[in-house]
Structure formats: C-alpha cells, structure tokens
$ cat structure-v1.txt   # compact mmCIF, C-alpha atoms and all ligand atoms
# COMPACT_ATOMS: atom_id res chain seq x y z
CA MET A 1 34.15 19.49 51.94
CA ARG A 2 31.67 22.04 50.70
CA ASN A 3 33.03 21.55 47.18
CA ILE A 4 32.54 17.82 47.42
CA ILE A 5 28.93 18.29 48.45
CA VAL A 6 28.33 20.68 45.57
CA ILE A 7 29.88 18.20 43.13
CA LEU A 8 27.82 15.40 44.63
CA PHE A 9 24.61 17.37 44.15
CA ALA A 10 25.63 18.25 40.62
CA LEU A 11 26.27 14.59 39.83
CA ILE A 12 22.95 13.53 41.30
CA SER A 13 21.05 16.11 39.30
CA ILE A 14 22.92 15.23 36.09
CA SER A 15 22.09 11.55 36.50
CA LYS A 16 18.47 12.52 37.22
CA ILE A 17 18.31 14.56 34.04
CA ALA A 18 19.89 11.71 32.09
CA SER A 19 17.45 9.11 33.41
CA SER A 20 14.39 11.32 32.94
CA LEU A 21 15.49 11.98 29.37
CA GLU A 22 15.75 8.25 28.81
CA ASN A 23 12.18 7.74 30.05
CA ASP A 24 10.92 10.53 27.83
CA CYS A 25 12.80 9.36 24.78
CA PRO A 26 9.93 7.64 22.96
CA ALA A 27 7.89 10.86 23.16
CA ILE A 28 10.90 13.04 22.30
CA LEU A 29 11.68 10.93 19.21
CA GLN A 30 8.06 10.94 18.09
CA SER A 31 7.92 14.72 18.39
CA SER A 32 10.65 14.82 15.73
CA GLY A 33 8.90 12.51 13.30
CA GLY A 34 10.02 9.17 14.71
CA THR A 35 7.50 6.33 14.98
CA THR A 36 6.60 4.04 17.88
CA GLU A 37 8.78 1.40 16.19
CA PHE A 38 11.91 3.56 16.08
CA GLY A 39 14.38 0.94 17.39
CA ILE A 40 13.06 -1.95 15.30
CA ARG A 41 12.95 0.06 12.09
CA VAL A 42 16.35 1.68 12.50
CA GLY A 43 17.98 -1.59 13.61
CA HIS A 44 16.66 -3.31 10.51
CA ALA A 45 17.58 -0.44 8.21
CA ILE A 46 21.18 0.05 9.35
CA HIS A 47 22.30 -3.58 9.85
CA SER A 48 24.18 -3.81 6.54
CA LEU A 49 25.14 -0.18 5.85
CA SER A 50 28.63 0.51 4.55
CA VAL A 51 30.79 3.60 4.12
CA ARG A 52 29.83 3.70 0.43
CA ASN A 53 26.14 4.06 1.37
CA LEU A 54 26.81 6.62 4.11
CA LYS A 55 28.76 8.82 1.70
CA GLN A 56 25.47 9.49 -0.09
CA PHE A 57 24.23 11.02 3.15
CA LYS A 58 27.48 12.80 4.01
CA PRO A 59 30.39 12.75 1.56
CA ASP A 60 33.23 12.84 4.13
CA VAL A 61 32.19 9.70 6.07
CA THR A 62 34.96 7.17 6.81
CA GLU A 63 35.09 3.90 8.78
CA LYS A 64 35.41 6.10 11.86
CA ASN A 65 31.66 6.48 12.06
CA GLN A 66 29.19 5.65 14.80
CA VAL A 67 26.64 3.65 12.81
CA PRO A 68 26.59 0.14 14.33
CA THR A 69 26.11 -2.77 11.93
CA VAL A 70 25.93 -6.56 11.89
CA ASN A 71 29.24 -8.17 10.94
CA LEU A 72 28.70 -9.98 7.62
CA ASN A 73 31.68 -12.18 8.43
CA LEU A 74 29.70 -14.96 10.10
CA THR A 75 32.74 -16.78 11.50
CA SER A 76 34.08 -13.70 13.26
CA ASP A 77 33.85 -13.63 17.07
CA ILE A 78 32.43 -10.13 16.79
CA PRO A 79 28.79 -10.27 15.69
CA ILE A 80 28.05 -6.54 15.99
CA LEU A 81 30.42 -3.88 14.69
CA SER A 82 30.29 -0.46 16.33
CA TYR A 83 30.69 1.15 12.90
CA ALA A 84 29.67 0.72 9.27
CA PRO A 85 32.67 -0.77 7.41
CA ASP A 86 33.94 -0.04 3.91
CA ARG A 87 32.92 -3.01 1.74
CA THR A 88 34.10 -1.77 -1.63
CA THR A 89 36.77 -3.90 -3.31
CA PRO A 90 39.98 -2.55 -4.89
CA ASP A 91 38.15 -2.79 -8.22
CA SER A 92 35.17 -0.57 -7.43
CA HIS A 93 36.80 2.35 -9.28
CA MET A 94 36.23 0.41 -12.52
CA PHE A 95 32.49 1.01 -12.26
CA LEU A 96 30.32 4.06 -12.76
CA LEU A 97 27.03 2.55 -11.67
CA ASP A 98 26.18 1.85 -8.03
CA GLY A 99 24.53 -1.35 -9.25
CA SER A 100 27.83 -2.62 -10.66
CA ILE A 101 29.67 -1.79 -7.43
CA ILE A 102 26.99 -3.63 -5.44
CA LEU A 103 27.40 -6.70 -7.65
CA ASP A 104 31.18 -6.49 -7.21
CA GLU A 105 30.84 -6.30 -3.42
CA ILE A 106 28.59 -9.36 -3.32
CA LEU A 107 30.07 -11.57 -6.02
CA SER A 108 33.62 -11.07 -4.70
CA HIS A 109 32.46 -13.14 -1.69
CA MET A 110 30.43 -15.71 -3.61
CA ASP A 111 32.77 -18.61 -2.70
CA ASP A 112 32.63 -17.79 1.00
CA LYS A 113 29.65 -19.56 2.60
CA SER A 114 30.32 -17.78 5.89
CA TYR A 115 29.81 -14.30 4.56
CA ASN A 116 26.64 -12.18 4.37
CA LEU A 117 23.34 -13.99 5.02
CA LYS A 118 23.70 -17.69 5.73
CA ASN A 119 21.70 -19.90 3.33
CA TYR A 120 21.39 -17.10 0.76
CA ASN A 121 22.78 -17.84 -2.71
CA PRO A 122 24.31 -14.95 -4.70
CA LEU A 123 21.02 -14.07 -6.43
CA GLU A 124 19.20 -13.95 -3.08
CA GLN A 125 21.99 -11.84 -1.59
CA ILE A 126 21.69 -9.41 -4.49
CA VAL A 127 17.93 -9.11 -3.97
CA HIS A 128 18.41 -8.56 -0.24
CA THR A 129 21.05 -5.89 -0.84
CA PHE A 130 18.88 -4.02 -3.32
CA HIS A 131 16.03 -4.18 -0.78
CA MET A 132 18.31 -2.46 1.72
CA GLU A 133 19.40 0.08 -0.90
CA GLU A 134 15.70 0.92 -1.43
CA ILE A 135 15.34 1.57 2.29
CA TRP A 136 18.40 3.85 2.30
CA ALA A 137 17.12 5.71 -0.75
CA ALA A 138 13.87 6.42 1.13
CA ALA A 139 15.83 7.51 4.23
CA LEU A 140 17.96 9.85 2.13
CA ILE A 141 14.89 11.89 1.14
CA ASP A 142 13.99 12.47 4.80
CA TYR A 143 17.66 13.03 5.71
CA ARG A 144 17.80 16.03 3.35
CA ASN A 145 14.89 17.54 5.29
CA PHE A 146 16.75 17.05 8.59
CA GLU A 147 19.72 18.89 7.06
CA ILE A 148 17.44 21.89 6.59
CA ASN A 149 15.62 21.44 9.92
CA PRO A 150 18.09 19.68 12.25
CA PRO A 151 16.75 17.80 15.28
CA SER A 152 17.66 19.22 18.72
CA ASP A 153 20.45 17.84 20.93
CA ASP A 154 17.88 16.13 23.17
CA VAL A 155 16.42 14.31 20.19
CA CYS A 156 19.85 13.17 19.04
CA GLN A 157 20.79 12.02 22.52
CA CYS A 158 17.72 9.78 22.46
CA ALA A 159 18.32 8.60 18.89
CA LEU A 160 21.93 7.65 19.68
CA ASP A 161 21.08 5.86 22.95
CA ILE A 162 21.08 2.54 21.10
CA GLU A 163 21.28 0.43 24.25
CA ASN A 164 17.93 1.74 25.47
CA ASN A 165 16.00 2.75 22.36
CA GLY A 166 15.74 -0.72 20.81
CA ILE A 167 18.33 -0.34 18.04
CA LEU A 168 20.98 -2.58 19.61
CA MET A 169 18.34 -5.17 20.50
CA LYS A 170 17.17 -5.31 16.88
CA LEU A 171 20.77 -5.54 15.61
CA ARG A 172 21.45 -8.45 17.96
CA GLN A 173 18.28 -10.18 16.83
CA THR A 174 19.24 -9.63 13.19
CA ALA A 175 22.75 -11.00 13.79
CA LEU A 176 21.23 -14.09 15.39
CA ILE A 177 18.89 -14.73 12.46
CA ILE A 178 21.58 -14.09 9.86
CA ARG A 179 24.01 -16.43 11.62
CA GLU A 180 21.57 -19.15 12.71
CA PRO A 181 18.52 -19.08 10.43
CA ASN A 182 17.88 -22.78 10.95
CA LEU A 183 17.42 -22.24 14.67
CA MET A 184 15.49 -19.00 14.45
CA LEU A 185 13.09 -19.66 11.54
CA GLY A 186 10.94 -22.53 10.31
CA TYR A 187 10.35 -25.33 12.81
CA GLY A 188 11.56 -23.48 15.92
CA GLN A 189 9.64 -20.35 15.05
CA TYR A 190 6.51 -22.35 14.21
CA ARG A 191 6.66 -24.11 17.59
CA ALA A 192 7.19 -20.82 19.40
CA LYS A 193 4.24 -19.21 17.61
CA GLN A 194 1.95 -22.13 18.49
CA GLN A 195 3.01 -21.84 22.12
CA CYS A 196 2.42 -18.08 22.07
CA LEU A 197 -1.11 -18.53 20.66
CA LYS A 198 -1.90 -20.74 23.65
CA ASN A 199 -0.11 -18.59 26.17
CA PRO A 200 0.75 -15.08 24.91
CA SER A 201 2.71 -14.25 28.07
CA SER A 202 5.24 -17.06 27.52
CA PRO A 203 8.78 -15.76 27.44
CA GLY A 204 10.08 -14.88 23.99
CA CYS A 205 6.68 -14.26 22.38
CA PRO A 206 7.29 -10.64 21.34
CA PHE A 207 10.71 -11.71 20.09
CA PHE A 208 9.47 -14.54 17.88
CA LYS A 209 6.55 -12.44 16.70
CA SER A 210 8.88 -9.66 15.54
CA ILE A 211 11.15 -11.90 13.45
CA GLY A 212 8.89 -12.16 10.41
CA ASN A 213 8.42 -15.25 8.27
CA SER A 214 10.94 -17.19 6.25
CA LEU A 215 11.00 -16.83 2.47
CA PRO A 216 10.93 -19.64 -0.13
CA PRO A 217 14.10 -20.29 -2.16
CA LEU A 218 14.22 -17.71 -4.96
CA ASP A 219 14.05 -20.15 -7.87
CA SER A 220 10.87 -19.21 -9.74
CA ALA A 221 8.79 -16.24 -10.81
CA LYS A 222 6.23 -17.34 -8.23
CA ALA A 223 8.85 -17.18 -5.47
CA TRP A 224 9.92 -13.72 -6.67
CA LYS A 225 6.31 -12.52 -6.26
CA ARG A 226 6.61 -13.44 -2.58
CA TRP A 227 10.10 -11.92 -2.20
CA LYS A 228 8.97 -8.72 -3.92
CA MET A 229 6.39 -8.11 -1.20
CA ASP A 230 9.28 -7.78 1.29
CA SER A 231 11.60 -5.88 -1.04
CA GLY A 232 10.14 -2.40 -1.49
CA ALA A 233 11.15 0.85 0.19
CA MET A 234 9.70 1.77 3.59
CA ASN A 235 9.02 4.96 5.51
CA GLY A 236 12.49 6.40 6.01
CA LYS A 237 12.02 8.99 8.73
CA ASP A 238 13.23 6.93 11.71
CA THR A 239 16.35 5.88 9.87
CA ALA A 240 16.98 9.41 8.57
CA LEU A 241 16.71 10.79 12.11
CA PHE A 242 19.19 8.25 13.48
CA LEU A 243 21.64 8.73 10.61
CA TYR A 244 21.45 12.52 10.83
CA CYS A 245 22.33 12.37 14.53
CA ALA A 246 25.02 9.68 14.08
CA LEU A 247 26.77 11.48 11.23
CA ASN A 248 26.52 15.01 12.60
CA THR A 249 26.98 14.69 16.37
CA ASN A 250 30.54 15.03 17.62
CA ILE A 251 30.82 12.43 20.31
CA ASN A 252 33.98 10.76 21.54
CA ILE A 253 34.52 8.56 18.51
CA GLU A 254 37.37 6.60 20.13
CA LYS A 255 34.94 5.41 22.77
CA TYR A 256 32.68 4.19 20.03
CA TYR A 257 35.44 2.50 18.14
CA GLN A 258 36.63 0.29 20.97
CA ASN A 259 35.53 -3.25 21.59
CA PHE A 260 32.21 -3.05 23.37
CA GLU A 261 30.83 -5.05 26.25
CA TRP A 262 28.38 -6.55 23.75
CA ASN A 263 31.21 -8.27 21.93
CA LYS A 264 32.82 -9.98 24.91
CA LYS A 265 33.23 -13.77 24.85
CA TYR A 266 30.93 -15.77 27.09
CA HIS A 267 30.49 -19.46 27.84
CA TYR A 268 27.29 -21.37 28.31
C1 LIG B 1 36.24 -13.71 8.90
O1 LIG B 1 36.74 -13.85 10.22
C2 LIG B 1 37.62 -14.91 10.37
C3 LIG B 1 37.91 -15.05 11.86
O2 LIG B 1 38.34 -13.85 12.40
C4 LIG B 1 38.86 -14.65 9.52
O3 LIG B 1 39.77 -15.73 9.66
C5 LIG B 1 38.45 -14.47 8.06
O4 LIG B 1 39.56 -14.11 7.28
C6 LIG B 1 37.37 -13.41 7.94
N1 LIG B 1 36.86 -13.41 6.56
C7 LIG B 1 36.77 -12.29 5.84
C8 LIG B 1 36.16 -12.41 4.49
O5 LIG B 1 37.14 -11.21 6.25
$ encode --input "structure-v1.txt" --output "structure tokens"
Amino acid sequence: MRNIIVILFALISISKIASSLENDCPAILQSSGGTTEFGIRVGHAIHSLSVRNLKQFKPDVTEKNQVPTVNLNLTSDIPILSYAPDRTTPDSHMFLLDGSIILDEILSHMDDKSYNLKNYNPLEQIVHTFHMEEIWAAALIDYRNFEINPPSDDVCQCALDIENNGILMKLRQTALIIREPNLMLGYGQYRAKQQCLKNPSSPGCPFFKSIGNSLPPLDSAKAWKRWKMDSGAMNGKDTALFLYCALNTNINIEKYYQNFEWNKKYHY
C-alpha cells in the first residue's frame, strides 16, 4: 500500500513537471535562440524535407527519423508523415550536383497531377523546391553552431513537443493548402479577410491571416519578380534547433514511426 502511494505521488509530480515544462516552453525555446514564431517557422521549413536533405545535417540519417513532413502524395489517406521520406529516384547516382538530383526528383513526377503542390506546374515546383533548399541552407549554418553548443534536454523536449509547440498545427495547415488551394486561397481567403477586418475576433481569423497570399502563375519576368520576394532564405535558428533535437535525441523511434492519431480516418 505504502509503495502504491509513493508511486502515485511520483506520478503526480512527474506529470506536474511535464505540464509546467510545457507552459514554460516558449520561454525555454527563446532562451536557446528560438523566436516567438517557433512553431510556424519550423512547420513551414520542414514540410518537404527528405532524407537527402537531412544527410547534409547528419550523414547517417535514414527514413527512420523523427522529422514530420507533409505527404506530397496528395491522393494518399495520410496527409502528414511522421518522418521525412527518401525522395531520390534510382537514377540519382548519375548526378554529381544537388541541383540535378532535385530536378530528377521533381520531373520524375511531372505526369502525376496529384503529387507535390496542387496547381503547380513543373517550373513552379522547381522554384518552390529551391526556395525550401535556401531555407535548409540557412538552417545548416545555425545547426553547425548547435553541434558545438548543444541545447539542453529541456530545450529539446520543448522543441520536439510538436503537438503543443505549433509545429504540427502549421504542418496540418500546410497540408490543407497544398491539397486544397482553391478552397484555402483566393476567393475564400479574401472573404475571410474582409470578415476579419470587420470583426477581428471571428473564428479562424488568425488562421487565415497566417496563410499568406496566393502567387500569380509563373509565366513572365514580372511574375518572377513577385515569386522572388517569397523565395529567399530566412533566419534558420528555429529550424536548426528543431532539427538538432530531432536528429540527435534518442527517443523511442518505433513510437514515432507508427500511424498517429492525426492520420485516423474521420467522417463529416
Ligand atoms: C499515392 O497514394 C495512392 C493511394 O495510396 C497510391 O495508389 C499511389 O500509388 C501513390 N502515388 C505515389 C506516387 O506514390
């Protein structure tokens, strides 16, 4: 009986520690160089990572990693993968340049309209992918600093708590926009923004505000000028922090690899 009480107290205090850590996470992450937009930035940065990209951070990475991504297969029932997949083709060994391998990864799917970003033609997909590669290149610089000065276990616990730190939310939002751009952008977004100007507390306002604006078709130098504004590198520290923790923390990888609650089938 006494043992049970001791265990009970231990459990209560562990759950208290866990929940107080969760509440402190924004401050804990910021003390390690994270920003107030940690979840949004990391969710955006990691959504299309692959094993090839992660190998630049850590050479021994395989598909058994814990970097969640958006599934580029738009007809799959599973919109969010719990890992970054290997997207290289059997031909990637033919190429020396990363740029050639990127082209091979994209153009090998150019007949499949349900792959990668819906409504994007191959040129637009290439531009988007290079935009993401720019973001990873920026993160890699900060990642090397974390290798020299690793974040503490508390920091990593917060960085990897994707269900509470905003990363999973941003990934879900990104999956929604990639799969259903016609519902999420343009007319629907315009209407939502008008409504939010009138009544900022309407439901969904922060969500629609955070989506960003749609881009014109990339069919002219003028359109490229607009695309270019969204294509550069960004501050990489949030992403570097997350990736350092994800690639260097030994958690129960099998748990990560299973089918998550977030991928269950629901009916409306
Ligand atoms: C995408 O998923 C669907 C449904 O699971 C599958 O039939 C199809 O082969 C997948 N496409 C690719 C390119 O993996």
$ residues_around --input "structure-v1.txt" --residues "stretch 143-159 of chain A" --least-positions-apart "6" --cutoff "6 Å" --atoms "all atoms listed in the file" --output "list of chain:residue names"
A:Cys25, A:Leu29, A:Ala240, A:Phe242, A:Cys245
$ atom_distance --input "structure-v1.txt" --atom1 "atom CA of A:Leu171" --atom2 "atom CA of A:Gly39"
9.3 Å
$ atom_distance --input "structure-v1.txt" --atom1 "atom CA of A:Met132" --atom2 "atom CA of A:Val70"
13.4 Å
$ closest_residue --input "structure-v1.txt" --among "A:Leu117, A:Ile211, A:Ile78, A:Leu176" --to "ligand LIG 1 (chain B)" --atoms "only C-alpha atoms and all ligand atoms"
A:Ile78
$ residues_near_ligand --input "structure-v1.txt" --ligand "ligand LIG 1 (chain B)" --cutoff "6 Å" --atoms "only C-alpha atoms and all ligand atoms" --output "compact mmCIF listing (two decimals) with C-alpha atoms, keeping the file's coordinate frame"
# COMPACT_ATOMS: atom_id res chain seq x y z
CA ASN A 73 31.68 -12.18 8.43
CA THR A 75 32.74 -16.78 11.50
CA SER A 76 34.08 -13.70 13.26
$ closest_residue --input "structure-v1.txt" --among "A:Ala139, A:Asp112, A:Asn119, A:Ile106" --to "A:Tyr244" --atoms "all atoms listed in the file"
A:Ala139
$ residues_around --input "structure-v1.txt" --residues "A:Leu54" --least-positions-apart "3" --cutoff "12 Å" --atoms "all atoms listed in the file" --output "MDAnalysis selection string"
chainID A and resid 46 48:51 57:67 83:87 133 136:137 139:140 143 239:240 243:244 246:248
$ closest_residue --input "structure-v1.txt" --among "A:Lys237, A:Ser114, A:Tyr266, A:Glu261" --to "A:Ser31" --atoms "only C-alpha atoms"
A:Lys237
$ build_atoms --input "structure-v1.txt" --residues "stretch 46-57 of chain A" --atoms "all heavy atoms" --output "compact mmCIF listing (two decimals), in the coordinates of the input"
# COMPACT_ATOMS: atom_id res chain seq x y z
N ILE A 46 19.74 -0.25 9.35
CA ILE A 46 21.18 0.05 9.35
C ILE A 46 22.05 -1.20 9.39
O ILE A 46 23.27 -1.08 9.24
CB ILE A 46 21.58 0.97 10.53
CG1 ILE A 46 21.40 0.27 11.88
CG2 ILE A 46 20.81 2.27 10.47
CD1 ILE A 46 21.86 1.12 13.08
N HIS A 47 21.47 -2.41 9.52
CA HIS A 47 22.30 -3.58 9.85
C HIS A 47 23.37 -3.87 8.80
O HIS A 47 24.40 -4.43 9.13
CB HIS A 47 21.43 -4.82 10.12
CG HIS A 47 20.97 -5.55 8.90
ND1 HIS A 47 19.76 -5.29 8.30
CD2 HIS A 47 21.54 -6.53 8.17
CE1 HIS A 47 19.63 -6.08 7.25
NE2 HIS A 47 20.68 -6.85 7.14
N SER A 48 23.14 -3.51 7.53
CA SER A 48 24.18 -3.81 6.54
C SER A 48 24.69 -2.57 5.81
O SER A 48 25.16 -2.65 4.69
CB SER A 48 23.66 -4.85 5.53
OG SER A 48 22.48 -4.38 4.91
N LEU A 49 24.61 -1.41 6.46
CA LEU A 49 25.14 -0.18 5.85
C LEU A 49 26.66 -0.26 5.71
O LEU A 49 27.34 -0.93 6.49
CB LEU A 49 24.80 1.03 6.73
CG LEU A 49 23.45 1.70 6.49
CD1 LEU A 49 23.16 2.69 7.60
CD2 LEU A 49 23.40 2.40 5.14
N SER A 50 27.18 0.42 4.71
CA SER A 50 28.63 0.51 4.55
C SER A 50 29.02 1.98 4.32
O SER A 50 28.15 2.83 4.12
CB SER A 50 29.09 -0.34 3.36
OG SER A 50 28.71 0.30 2.16
N VAL A 51 30.31 2.23 4.33
CA VAL A 51 30.79 3.60 4.12
C VAL A 51 30.29 4.13 2.77
O VAL A 51 29.89 5.29 2.66
CB VAL A 51 32.33 3.64 4.20
CG1 VAL A 51 32.87 4.98 3.74
CG2 VAL A 51 32.79 3.34 5.63
N ARG A 52 30.29 3.25 1.76
CA ARG A 52 29.83 3.70 0.43
C ARG A 52 28.41 4.27 0.52
O ARG A 52 28.12 5.33 -0.05
CB ARG A 52 29.85 2.53 -0.57
CG ARG A 52 29.25 2.87 -1.94
CD ARG A 52 29.28 1.68 -2.90
NE ARG A 52 28.57 0.52 -2.40
CZ ARG A 52 27.23 0.39 -2.42
NH1 ARG A 52 26.48 1.35 -2.90
NH2 ARG A 52 26.66 -0.70 -1.94
N ASN A 53 27.52 3.58 1.24
CA ASN A 53 26.14 4.06 1.37
C ASN A 53 26.09 5.36 2.16
O ASN A 53 25.35 6.29 1.80
CB ASN A 53 25.27 3.02 2.07
CG ASN A 53 25.38 1.64 1.46
OD1 ASN A 53 25.78 0.69 2.14
ND2 ASN A 53 25.04 1.52 0.18
N LEU A 54 26.87 5.44 3.25
CA LEU A 54 26.81 6.62 4.11
C LEU A 54 27.32 7.87 3.40
O LEU A 54 26.91 8.98 3.71
CB LEU A 54 27.60 6.37 5.41
CG LEU A 54 26.98 5.33 6.35
CD1 LEU A 54 27.88 5.09 7.55
CD2 LEU A 54 25.58 5.75 6.81
N LYS A 55 28.23 7.67 2.44
CA LYS A 55 28.76 8.82 1.70
C LYS A 55 27.65 9.54 0.91
O LYS A 55 27.78 10.72 0.60
CB LYS A 55 29.87 8.39 0.74
CG LYS A 55 31.22 8.23 1.43
CD LYS A 55 32.27 7.85 0.40
CE LYS A 55 33.53 7.33 1.03
NZ LYS A 55 34.56 8.27 1.28
N GLN A 56 26.58 8.82 0.59
CA GLN A 56 25.47 9.49 -0.09
C GLN A 56 24.78 10.47 0.86
O GLN A 56 24.24 11.48 0.43
CB GLN A 56 24.45 8.46 -0.57
CG GLN A 56 25.01 7.52 -1.63
CD GLN A 56 23.98 6.57 -2.18
OE1 GLN A 56 23.16 6.04 -1.42
NE2 GLN A 56 23.99 6.36 -3.47
N PHE A 57 24.83 10.13 2.15
CA PHE A 57 24.23 11.02 3.15
C PHE A 57 25.19 12.16 3.47
O PHE A 57 24.79 13.31 3.55
CB PHE A 57 23.89 10.23 4.42
CG PHE A 57 22.80 9.22 4.22
CD1 PHE A 57 23.06 7.97 3.70
CD2 PHE A 57 21.49 9.54 4.54
CE1 PHE A 57 22.04 7.04 3.50
CE2 PHE A 57 20.46 8.62 4.35
CZ PHE A 57 20.74 7.37 3.82
